[in-house]
>>> print(open('input06.cif').read())   # mmCIF, C-alpha atoms and all ligand atoms
data_work
#
loop_
_atom_site.label_atom_id
_atom_site.label_comp_id
_atom_site.auth_asym_id
_atom_site.auth_seq_id
_atom_site.Cartn_x
_atom_site.Cartn_y
_atom_site.Cartn_z
CA MET J 147 0.00 0.00 0.00
CA SER J 148 1.37 3.41 -0.97
CA THR J 149 1.72 6.03 1.71
CA PRO J 150 -1.21 8.49 1.64
CA PRO J 151 -0.21 12.06 0.71
CA ALA J 152 -1.50 13.47 3.98
CA LEU J 153 0.53 10.97 5.99
CA ALA J 154 3.63 11.70 3.90
CA SER J 155 3.34 15.43 4.60
CA ALA J 156 2.79 14.74 8.27
CA LYS J 157 6.02 12.72 8.54
CA ALA J 158 8.08 15.86 8.40
CA VAL J 159 6.34 17.35 11.44
CA ARG J 160 5.80 14.26 13.57
CA THR J 161 6.80 15.01 17.11
CA PRO J 162 9.33 12.67 18.68
CA PRO J 163 6.97 11.25 21.36
CA ALA J 164 4.10 10.62 18.97
CA ALA J 165 6.44 9.08 16.39
CA ALA J 166 7.97 6.82 19.00
CA TRP J 167 4.54 5.79 20.26
CA GLU J 168 3.40 5.02 16.72
CA ASP J 169 6.57 3.07 15.94
CA ARG J 170 6.05 0.83 18.96
CA GLY J 171 2.42 0.27 18.02
CA TRP J 172 1.07 2.34 20.94
CA ILE J 173 2.00 -0.50 23.30
CA GLY J 174 1.82 0.55 26.95
CA ILE J 175 0.50 4.07 26.21
CA PRO J 176 -2.36 5.00 28.56
CA ASP J 177 -5.48 6.32 26.80
CA SER J 178 -3.91 5.42 23.45
CA THR J 179 -7.33 5.39 21.76
CA TYR J 180 -7.60 9.14 22.26
CA PHE J 181 -3.99 9.86 21.30
CA ARG J 182 -4.33 7.80 18.11
CA ALA J 183 -7.41 9.78 17.11
CA ALA J 184 -5.62 13.04 17.94
CA ALA J 185 -2.59 11.94 15.88
CA TYR J 186 -4.87 11.19 12.93
CA HIS J 187 -6.45 14.64 13.06
CA LEU J 188 -3.00 16.26 13.21
CA LYS J 189 -1.84 14.23 10.22
CA ARG J 190 -4.84 15.31 8.21
CA ARG J 191 -3.60 18.87 8.33
CA SER J 192 -1.60 19.83 5.26
CA ALA J 193 0.05 22.75 7.06
CA PRO J 194 2.93 22.13 9.51
CA THR J 195 1.94 22.04 13.15
CA ALA J 196 4.55 24.21 14.84
CA ALA J 197 3.39 23.75 18.42
CA ALA J 198 3.28 19.98 18.19
CA VAL J 199 5.27 19.23 21.36
CA THR J 200 3.26 21.67 23.40
CA GLY J 201 0.12 20.24 21.83
CA THR J 202 1.04 16.72 22.84
CA ARG J 203 1.53 17.77 26.43
CA ALA J 204 -1.65 19.80 26.39
CA ALA J 205 -3.52 16.83 24.94
CA ALA J 206 -2.20 14.65 27.74
CA ALA J 207 -3.36 17.21 30.31
CA LEU J 208 -6.76 17.48 28.65
CA ALA J 209 -7.10 13.70 28.51
CA SER J 210 -6.30 13.45 32.23
CA SER J 211 -8.74 16.17 33.21
CA ALA J 212 -11.46 14.64 31.02
CA ALA J 213 -10.94 11.25 32.64
CA MET J 214 -11.59 12.82 36.06
CA ARG J 215 -14.86 14.44 34.97
CA PRO J 216 -17.94 12.90 36.56
CA ASP J 217 -19.99 13.43 33.36
CA ALA J 218 -17.85 11.55 30.89
CA GLY J 219 -20.70 11.57 28.45
CA ASP J 220 -19.34 13.67 25.59
CA ASP J 221 -19.60 11.97 22.25
CA VAL J 222 -16.15 12.17 20.66
CA ASP J 223 -15.59 10.67 17.23
CA LEU J 224 -12.59 8.38 17.68
CA THR J 225 -12.86 6.59 14.35
CA ILE J 226 -9.76 6.53 12.17
CA PRO J 227 -9.92 5.67 8.45
CA PRO J 228 -8.12 2.39 7.66
CA ALA J 229 -5.50 4.17 5.51
CA PHE J 230 -4.35 6.15 8.56
CA ASN J 231 -4.88 3.44 11.16
CA LEU J 232 -1.46 1.79 11.12
CA GLN J 233 -1.38 -1.55 12.90
CA GLY J 234 1.45 -3.31 14.68
CA ALA J 235 4.88 -2.10 15.75
CA LYS J 236 8.18 -1.63 13.95
CA LEU J 237 10.43 -4.58 14.68
CA SER J 238 13.38 -2.21 15.06
CA ALA J 239 11.47 -0.13 17.64
CA ILE J 240 10.42 -2.79 20.12
CA SER J 241 12.32 -4.69 22.74
CA GLN J 242 11.52 -8.05 24.28
CA ALA J 243 9.93 -6.27 27.23
CA THR J 244 7.68 -4.23 24.92
CA ALA J 245 6.63 -7.35 23.01
CA TYR J 246 5.78 -9.09 26.29
CA GLN J 247 3.79 -6.04 27.38
CA ALA J 248 1.83 -6.24 24.10
CA ILE J 249 0.95 -9.86 24.81
CA ARG J 250 -0.22 -8.91 28.32
CA GLU J 251 -2.37 -6.09 26.94
CA ARG J 252 -4.06 -8.41 24.46
CA GLN J 253 -4.97 -10.93 27.13
CA THR J 254 -8.49 -10.30 28.30
CA THR J 255 -9.02 -10.66 32.04
CA PRO J 256 -12.39 -12.21 32.81
CA PRO J 257 -14.61 -9.92 34.89
CA ARG J 258 -14.55 -10.71 38.61
CA THR J 259 -17.71 -8.95 39.63
CA ARG J 260 -18.34 -11.23 42.63
CA THR J 261 -14.83 -10.65 43.96
CA ASP J 262 -15.00 -6.93 43.23
CA ARG J 263 -18.30 -6.61 45.09
CA ARG J 264 -16.86 -8.42 48.09
CA LEU J 265 -13.75 -6.23 48.04
CA ALA J 266 -15.94 -3.11 47.99
CA ALA J 267 -18.05 -4.37 50.91
CA THR J 268 -14.88 -5.28 52.83
CA ARG J 269 -13.51 -1.80 52.26
CA LEU J 270 -16.68 -0.22 53.67
CA ASP J 271 -16.74 -2.48 56.75
CA LEU J 272 -13.09 -1.69 57.40
CA HIS J 273 -13.68 2.05 56.95
CA GLU J 274 -16.45 2.01 59.54
CA PHE J 275 -13.96 0.79 62.15
CA THR J 276 -10.65 2.31 61.09
CA LYS J 277 -11.94 5.51 59.40
CA ARG J 278 -9.53 4.79 56.55
CA LEU J 279 -10.30 3.60 53.02
CA ALA J 280 -8.09 0.64 52.18
CA THR J 281 -7.10 -0.11 48.60
CA ASP J 282 -7.65 -3.51 47.01
CA ALA J 283 -3.89 -4.07 47.20
CA THR J 284 -3.93 -3.45 50.96
CA ILE J 285 -6.74 -5.97 51.46
CA TRP J 286 -4.96 -8.61 49.36
CA ARG J 287 -1.69 -8.00 51.21
CA ALA J 288 -3.53 -8.36 54.52
CA CYS J 289 -4.38 -11.94 53.48
CA ARG J 290 -0.70 -12.73 53.92
CA SER J 291 -0.23 -10.86 57.20
CA SER J 292 2.20 -12.55 59.58
CA ASP J 293 -0.46 -12.15 62.28
CA ILE J 294 -2.66 -14.66 60.45
CA ARG J 295 -1.87 -18.40 60.35
CA ALA J 296 -1.44 -20.02 56.92
CA PRO J 297 -4.71 -22.03 56.89
CA VAL J 298 -6.63 -18.95 58.02
CA GLN J 299 -4.95 -16.93 55.24
CA GLN J 300 -6.20 -19.53 52.76
CA PHE J 301 -9.73 -19.36 54.18
CA ILE J 302 -9.78 -15.54 53.92
CA PHE J 303 -8.37 -15.61 50.37
CA CYS J 304 -11.11 -18.02 49.24
CA ALA J 305 -13.81 -16.02 51.03
CA LEU J 306 -12.68 -12.84 49.24
CA HIS J 307 -13.07 -14.72 45.96
CA ARG J 308 -16.35 -16.27 47.19
CA SER J 309 -15.00 -19.62 46.09
CA GLN J 310 -16.26 -21.69 49.02
CA LYS J 311 -19.03 -23.97 47.79
CA ILE J 312 -21.89 -22.69 49.90
CA GLY J 313 -25.37 -21.23 49.39
CA GLU J 314 -25.85 -19.72 45.95
CA HIS J 315 -23.20 -22.01 44.47
CA TRP J 316 -25.71 -24.88 44.71
CA SER J 317 -28.87 -22.92 43.86
CA SER J 318 -28.32 -23.15 40.12
CA ILE J 319 -27.29 -26.82 40.00
CA PRO J 320 -30.27 -29.09 39.28
CA GLY J 321 -30.64 -31.81 41.90
CA TYR J 322 -28.41 -30.06 44.43
CA GLN J 323 -30.56 -27.07 45.38
CA ASP J 324 -31.11 -28.51 48.86
CA ARG J 325 -27.44 -27.96 49.63
CA ALA J 326 -27.94 -24.21 49.31
CA PHE J 327 -29.67 -24.11 52.68
CA CYS J 328 -27.82 -23.82 55.99
CA PRO J 329 -27.07 -27.34 57.30
CA ALA J 330 -27.71 -26.22 60.89
CA CYS J 331 -30.89 -24.15 60.92
CA GLY J 332 -32.09 -25.33 57.51
CA ASP J 333 -34.37 -22.40 56.70
CA THR J 334 -31.91 -19.88 55.26
CA ILE J 335 -29.80 -19.80 52.10
CA GLU J 336 -26.28 -20.21 53.44
CA SER J 337 -23.81 -17.35 53.13
CA MET J 338 -20.52 -16.54 54.80
CA GLU J 339 -22.23 -13.79 56.80
CA HIS J 340 -24.85 -16.28 58.00
CA ILE J 341 -22.21 -18.83 59.01
CA LEU J 342 -19.92 -16.41 60.82
CA PHE J 343 -22.40 -14.09 62.52
CA GLN J 344 -26.04 -15.04 62.16
CA CYS J 345 -26.50 -18.77 62.71
CA ASP J 346 -26.81 -19.56 66.42
CA ASP J 347 -26.93 -23.29 65.65
CA LEU J 348 -23.32 -23.24 64.35
CA GLY J 349 -21.86 -21.88 67.60
CA SER J 350 -20.91 -18.45 66.26
CA THR J 351 -22.57 -16.64 69.16
CA THR J 352 -20.59 -18.71 71.67
CA ILE J 353 -17.28 -18.08 69.93
CA TRP J 354 -17.70 -14.33 69.50
CA THR J 355 -18.80 -14.04 73.15
CA LEU J 356 -15.60 -15.82 74.19
CA ALA J 357 -13.44 -13.58 71.99
CA LYS J 358 -15.02 -10.37 73.27
CA SER J 359 -14.75 -11.51 76.89
CA LEU J 360 -10.98 -12.06 76.54
CA TRP J 361 -10.35 -8.71 74.78
CA PRO J 362 -8.96 -6.48 77.56
CA HIS J 363 -9.04 -3.10 75.81
CA GLY J 364 -12.71 -2.16 76.13
CA GLN J 365 -15.70 -3.10 74.00
CA GLU J 366 -15.63 0.35 72.39
CA ASN J 367 -12.41 -0.74 70.68
CA TRP J 368 -13.91 -4.01 69.39
CA PRO J 369 -15.29 -3.81 65.82
CA ARG J 370 -18.88 -4.60 64.94
CA ASP J 371 -19.73 -8.08 63.70
CA LYS J 372 -19.08 -7.60 59.98
CA LEU J 373 -17.73 -10.00 57.39
CA GLY J 374 -15.37 -7.32 56.05
CA ILE J 375 -13.67 -7.08 59.46
CA VAL J 376 -12.83 -10.80 59.25
CA LEU J 377 -11.67 -10.62 55.62
CA ALA J 378 -9.45 -7.61 56.36
CA SER J 379 -8.38 -8.76 59.82
CA GLY J 380 -4.75 -8.74 58.69
CA CYS J 381 -4.80 -4.96 58.25
CA LEU J 382 -7.01 -3.95 61.17
CA THR J 383 -5.95 -0.76 62.85
CA THR J 384 -7.78 1.15 65.51
CA HIS J 385 -8.84 4.75 65.26
CA THR J 386 -8.84 5.16 69.02
CA GLN J 387 -6.09 4.34 71.43
CA PRO J 388 -6.71 1.07 73.24
CA ARG J 389 -7.16 1.99 76.85
CA ALA J 390 -4.69 0.73 79.40
CA ALA J 391 -5.62 -2.72 80.59
CA ARG J 392 -5.09 -3.53 84.20
CA PRO J 393 -6.36 -6.93 85.22
CA ALA J 394 -8.29 -6.96 88.46
CA GLY J 395 -5.96 -7.33 91.41
CA LEU J 396 -2.85 -6.22 89.54
CA PRO J 397 -1.22 -3.19 91.18
CA SER J 398 -0.81 -0.18 88.92
CA THR J 399 2.97 -0.39 89.34
CA GLY J 400 3.10 -4.06 88.42
CA ALA J 401 5.86 -5.52 86.29
CA LEU J 402 3.69 -6.03 83.23
CA PRO J 403 3.85 -3.33 80.55
CA GLN J 404 0.94 -1.20 79.42
CA PRO J 405 -0.56 -2.45 76.18
CA SER J 406 0.74 -0.69 73.11
CA ASP J 407 -1.04 -0.22 69.79
CA ASP J 408 1.16 -2.87 68.24
CA GLY J 409 0.46 -5.53 70.88
CA ALA J 410 -3.24 -4.73 71.07
CA LEU J 411 -3.64 -4.92 67.29
CA HIS J 412 -1.72 -8.20 67.18
CA LEU J 413 -4.17 -9.61 69.72
CA LEU J 414 -7.20 -8.19 67.87
CA ARG J 415 -6.08 -9.75 64.58
CA ILE J 416 -5.48 -13.10 66.30
CA LEU J 417 -8.84 -13.12 68.10
CA ILE J 418 -10.89 -12.16 65.03
CA SER J 419 -9.13 -14.35 62.46
CA GLU J 420 -8.90 -17.43 64.68
CA SER J 421 -12.49 -17.12 65.95
CA ALA J 422 -13.91 -16.79 62.43
CA TYR J 423 -11.84 -19.68 61.14
CA LEU J 424 -12.92 -21.93 64.02
CA ILE J 425 -16.59 -21.20 63.23
CA TRP J 426 -15.92 -22.19 59.60
CA VAL J 427 -14.13 -25.40 60.68
CA LEU J 428 -16.98 -26.35 63.02
CA ARG J 429 -19.48 -25.71 60.21
CA CYS J 430 -17.51 -27.96 57.83
CA GLU J 431 -17.27 -30.71 60.46
CA ARG J 432 -21.00 -30.48 60.92
CA VAL J 433 -21.64 -30.79 57.17
CA ILE J 434 -19.25 -33.72 56.73
CA SER J 435 -19.92 -35.78 59.87
CA GLU J 436 -23.26 -34.26 60.93
CA HIS J 437 -21.70 -33.86 64.37
CA GLN J 438 -23.33 -31.24 66.58
CA HIS J 439 -20.87 -29.50 68.92
CA THR J 440 -21.85 -28.65 72.49
CA ALA J 441 -21.06 -25.29 74.10
CA THR J 442 -18.43 -27.02 76.26
CA THR J 443 -16.70 -28.52 73.21
CA ILE J 444 -16.75 -25.21 71.37
CA THR J 445 -15.32 -23.38 74.40
CA THR J 446 -12.53 -25.94 74.78
CA ARG J 447 -11.65 -25.82 71.09
CA TRP J 448 -11.55 -22.01 71.09
CA THR J 449 -9.45 -21.85 74.29
CA ASN J 450 -6.96 -24.35 72.86
CA THR J 451 -6.72 -22.38 69.62
CA ILE J 452 -5.93 -19.09 71.38
CA ASN J 453 -3.53 -20.80 73.79
CA ASP J 454 -1.66 -22.23 70.78
CA ARG J 455 -1.15 -18.70 69.48
CA LEU J 456 0.04 -17.57 72.92
CA HIS J 457 2.54 -20.43 73.06
CA THR J 458 3.75 -19.62 69.53
CA ASP J 459 4.52 -16.06 70.63
CA GLN J 460 6.27 -17.38 73.74
CA LEU J 461 8.27 -19.84 71.64
CA ASN J 462 9.33 -17.08 69.24
CA ALA J 463 10.43 -14.85 72.11
CA SER J 464 12.26 -17.53 74.10
CA ARG J 465 13.82 -19.83 71.52
CA LEU J 466 13.38 -18.90 67.87
CA ILE J 467 13.69 -15.13 67.51
CA ARG J 468 15.18 -14.32 70.95
CA THR J 469 15.18 -10.55 70.65
CA SER J 470 13.99 -8.04 73.20
CA THR J 471 11.49 -6.83 70.58
CA ALA J 472 9.86 -10.27 70.41
CA VAL J 473 9.72 -10.44 74.21
CA ILE J 474 8.14 -7.00 74.52
CA ARG J 475 5.67 -7.74 71.73
CA ALA J 476 4.53 -10.96 73.42
CA GLN J 477 4.14 -9.10 76.74
CA GLN J 478 2.18 -6.27 75.14
CA THR J 479 -0.02 -8.61 73.12
CA TRP J 480 -1.19 -10.82 75.94
CA VAL J 481 -1.32 -8.38 78.85
CA GLY J 482 -4.72 -8.51 80.50
CA THR J 483 -5.63 -11.93 79.10
CA LEU J 484 -3.50 -14.37 81.14
CA ALA J 485 -4.45 -16.64 84.00
CA SER J 486 -2.81 -15.66 87.33
CA GLU J 487 -1.20 -12.77 85.52
CA SER J 488 -0.14 -10.93 88.68
CA GLN J 489 1.95 -13.92 89.76
CA LEU J 490 3.86 -14.31 86.50
CA PRO J 491 7.42 -13.00 86.23
CA GLY J 492 7.48 -9.81 84.14
CA ASP J 493 9.70 -11.44 81.52
CA TRP J 494 7.65 -14.61 81.13
CA PRO J 495 8.05 -14.73 77.31
CA LYS J 496 11.81 -15.16 77.75
CA SER J 497 11.44 -18.51 79.43
CA HIS J 498 9.56 -21.30 77.75
CA GLU J 499 9.55 -23.21 81.06
CA VAL J 500 7.03 -20.73 82.47
CA LEU J 501 3.60 -22.19 81.80
CA VAL J 502 1.18 -19.54 80.62
CA GLY J 503 -2.37 -19.72 79.41
CA ILE J 504 -5.29 -17.42 78.87
CA ARG J 505 -7.67 -17.07 81.79
CA ALA J 506 -10.36 -19.73 81.85
CA PRO J 507 -13.38 -18.51 79.92
CA ARG J 508 -16.87 -18.92 81.24
CA ILE J 509 -19.01 -21.05 78.99
CA PRO J 510 -21.69 -18.77 77.54
CA THR J 511 -25.20 -20.00 78.38
ZN ZN P 601 -28.05 -21.44 59.92
#
>>> encode(input="input06.cif", output="structure tokens")
Amino acid sequence: MSTPPALASAKAVRTPPAAAWEDRGWIGIPDSTYFRAAAYHLKRRSAPTAAAVTGTRAAAALASSAAMRPDAGDDVDLTIPPAFNLQGAKLSAISQATAYQAIRERQTTPPRTRTDRRLAATRLDLHEFTKRLATDATIWRACRSSDIRAPVQQFIFCALHRSQKIGEHWSSIPGYQDRAFCPACGDTIESMEHILFQCDDLGSTTIWTLAKSLWPHGQENWPRDKLGIVLASGCLTTHTQPRAARPAGLPSTGALPQPSDDGALHLLRILISESAYLIWVLRCERVISEHQHTATTITTRWTNTINDRLHTDQLNASRLIRTSTAVIRAQQTWVGTLASESQLPGDWPKSHEVLVGIRAPRIPT
């Protein structure tokens, strides 16, 4: 195909950025649809465009400001005649990285509306407690928080993707619609919110009562029962300072440190993530073995779970990490939660021979 006259005359005045973009096939150029249309209209001009560089920058500024407008409803003709709509990139102008970027751009990502909706709901639940709007990246990173155990991380990751086979998953499968209903109460379509917070028959009320009763920093610093709080438990922060916890009977000048933000948040993330995961595990056990757990069993399982986390922190401080930071963090995390706390040596995390455990919970009736 011969070069159109208009394009030939435009070659002499092509600006370096636009020429480079065109040579590399507009790969990796944001809003390239608009710039390609603008380049076409510039090429159509027979007269030289003297302010081309300035125009390119101005076009970029205009494109940015237009993208921020709430009423992006202007009809702009972006069609380019085939003779001017050059396809592909010059082999001499692309690198391996550019070619790989082109492949990535041509791959279509399937829409993840279910995941996106859950991320948005998680963000709102988190904002209600922390007064900060977390990005999607922050929520995904929180899945891998070191405060969360690996199996709990996996549970949260799947819940964010809504990939657990519960409720609506079965509603559209002929012959399996019965499985959509809650296996415990039987009269509600199952959902993660129902399992974790609404179904009394699955023991969620018992477990959350236990968690709140151990939390020593005041109920005003405990978040509301929301699914988003569980899914973003790895990035929970408080907007108020946790108040100083002093267990009953402990003198104000006792050896134990005051709780810090860091220790209190570590405890909050442990209590919320472990409690939610235990409810999920109990629910799965009930589905698989049809075993109904008593309040005593649930209380014992929850106490053992939290004690395991306490002993992990003690093990890190006394044998594995062995730094004063790990010792202080363990002290600050568990202050106000331990049995016979006033009789413990102040540096209990340093010695793994010191037997520690959370104070015995009362079984909720
Ligand atoms: Zn139920």
>>> residues_around(input="input06.cif", residues="Thr355 (chain J)", least_positions_apart="4", cutoff="10 Å", atoms="all atoms listed in the file", output="VMD selection string")
chain J and resid 350 to 351 359 to 360 507 to 510
>>> atom_distance(input="input06.cif", atom1="CA of Ile425 (chain J)", atom2="CA of Leu342 (chain J)")
6.3 Å
>>> atom_distance(input="input06.cif", atom1="CA of Leu424 (chain J)", atom2="CA of Leu501 (chain J)")
24.3 Å
>>> residues_around(input="input06.cif", residues="Ala235 (chain J)", least_positions_apart="4", cutoff="9 Å", atoms="all atoms listed in the file", output="CSV table (one decimal) with C-alpha atoms, in the frame of the given file")
chain,number,residue,atom,x,y,z
J,168,GLU,CA,3.4,5.0,16.7
J,169,ASP,CA,6.6,3.1,15.9
J,170,ARG,CA,6.0,0.8,19.0
J,171,GLY,CA,2.4,0.3,18.0
J,172,TRP,CA,1.1,2.3,20.9
J,173,ILE,CA,2.0,-0.5,23.3
J,239,ALA,CA,11.5,-0.1,17.6
J,240,ILE,CA,10.4,-2.8,20.1
>>> residues_around(input="input06.cif", residues="Thr179 (chain J)", least_positions_apart="2", cutoff="12 Å", atoms="all atoms listed in the file", output="ChimeraX atom specification")
/J:167-168,171-177,181-186,209,222-226,231
>>> residues_near_ligand(input="input06.cif", ligand="ligand ZN 601 (chain P)", cutoff="6 Å", atoms="only C-alpha atoms and all ligand atoms", output="JSON, numbers by chain")
{"J": [328, 330, 331, 345]}
>>> closest_residue(input="input06.cif", among="J:Ala243, J:Ala296, J:Lys358, J:Asn462", to="Leu417 (chain J)", atoms="all atoms listed in the file")
J:Lys358
>>> residues_around(input="input06.cif", residues="Arg295 (chain J)", least_positions_apart="4", cutoff="12 Å", atoms="all atoms listed in the file", output="list in words")
Ala288, Cys289, Arg290, Ser291, Gln299, Gln300, Phe301, Ile302, Ser379, Gly380, Arg415, Ile416, Leu417, Ile418, Ser419, Glu420, Tyr423, Thr451, Ile452, Asp454, Arg455 and Thr458 of chain J
>>> build_atoms(input="input06.cif", residues="region 161-182 of chain J", atoms="N, CA and C atoms", output="short mmCIF file (atom, residue, chain, number, x, y, z; two decimals), in the coordinates of the input")
data_model
loop_
_atom_site.label_atom_id
_atom_site.label_comp_id
_atom_site.auth_asym_id
_atom_site.auth_seq_id
_atom_site.Cartn_x
_atom_site.Cartn_y
_atom_site.Cartn_z
N THR J 161 6.04 14.69 15.91
CA THR J 161 6.80 15.01 17.11
C THR J 161 7.47 13.74 17.61
N PRO J 162 8.61 13.87 18.23
CA PRO J 162 9.33 12.67 18.68
C PRO J 162 8.50 11.74 19.54
N PRO J 163 7.73 12.22 20.55
CA PRO J 163 6.97 11.25 21.36
C PRO J 163 5.92 10.52 20.55
N ALA J 164 5.16 11.26 19.74
CA ALA J 164 4.10 10.62 18.97
C ALA J 164 4.68 9.62 17.98
N ALA J 165 5.81 9.99 17.35
CA ALA J 165 6.44 9.08 16.39
C ALA J 165 6.90 7.81 17.09
N ALA J 166 7.49 7.99 18.25
CA ALA J 166 7.97 6.82 19.00
C ALA J 166 6.80 5.93 19.42
N TRP J 167 5.71 6.58 19.86
CA TRP J 167 4.54 5.79 20.26
C TRP J 167 3.99 4.99 19.08
N GLU J 168 3.94 5.69 17.89
CA GLU J 168 3.40 5.02 16.72
C GLU J 168 4.31 3.87 16.29
N ASP J 169 5.63 4.11 16.35
CA ASP J 169 6.57 3.07 15.94
C ASP J 169 6.45 1.82 16.80
N ARG J 170 6.16 2.00 18.08
CA ARG J 170 6.05 0.83 18.96
C ARG J 170 4.61 0.32 19.04
N GLY J 171 3.78 0.80 18.11
CA GLY J 171 2.42 0.27 18.02
C GLY J 171 1.53 0.68 19.18
N TRP J 172 1.86 1.81 19.83
CA TRP J 172 1.07 2.34 20.94
C TRP J 172 1.00 1.37 22.11
N ILE J 173 2.00 0.49 22.21
CA ILE J 173 2.00 -0.50 23.30
C ILE J 173 2.35 0.22 24.60
N GLY J 174 1.53 0.00 25.63
CA GLY J 174 1.82 0.55 26.95
C GLY J 174 1.53 2.03 27.09
N ILE J 175 0.83 2.64 26.11
CA ILE J 175 0.50 4.07 26.21
C ILE J 175 -0.89 4.19 26.81
N PRO J 176 -1.03 4.83 27.98
CA PRO J 176 -2.36 5.00 28.56
C PRO J 176 -3.24 5.86 27.66
N ASP J 177 -4.52 5.57 27.62
CA ASP J 177 -5.48 6.32 26.80
C ASP J 177 -5.04 6.42 25.34
N SER J 178 -4.45 5.36 24.81
CA SER J 178 -3.91 5.42 23.45
C SER J 178 -5.00 5.63 22.42
N THR J 179 -6.23 5.20 22.71
CA THR J 179 -7.33 5.39 21.76
C THR J 179 -7.49 6.86 21.43
N TYR J 180 -7.40 7.70 22.47
CA TYR J 180 -7.60 9.14 22.26
C TYR J 180 -6.39 9.75 21.54
N PHE J 181 -5.19 9.31 21.93
CA PHE J 181 -3.99 9.86 21.30
C PHE J 181 -3.91 9.44 19.83
N ARG J 182 -4.35 8.25 19.50
CA ARG J 182 -4.33 7.80 18.11
C ARG J 182 -5.27 8.65 17.28
#
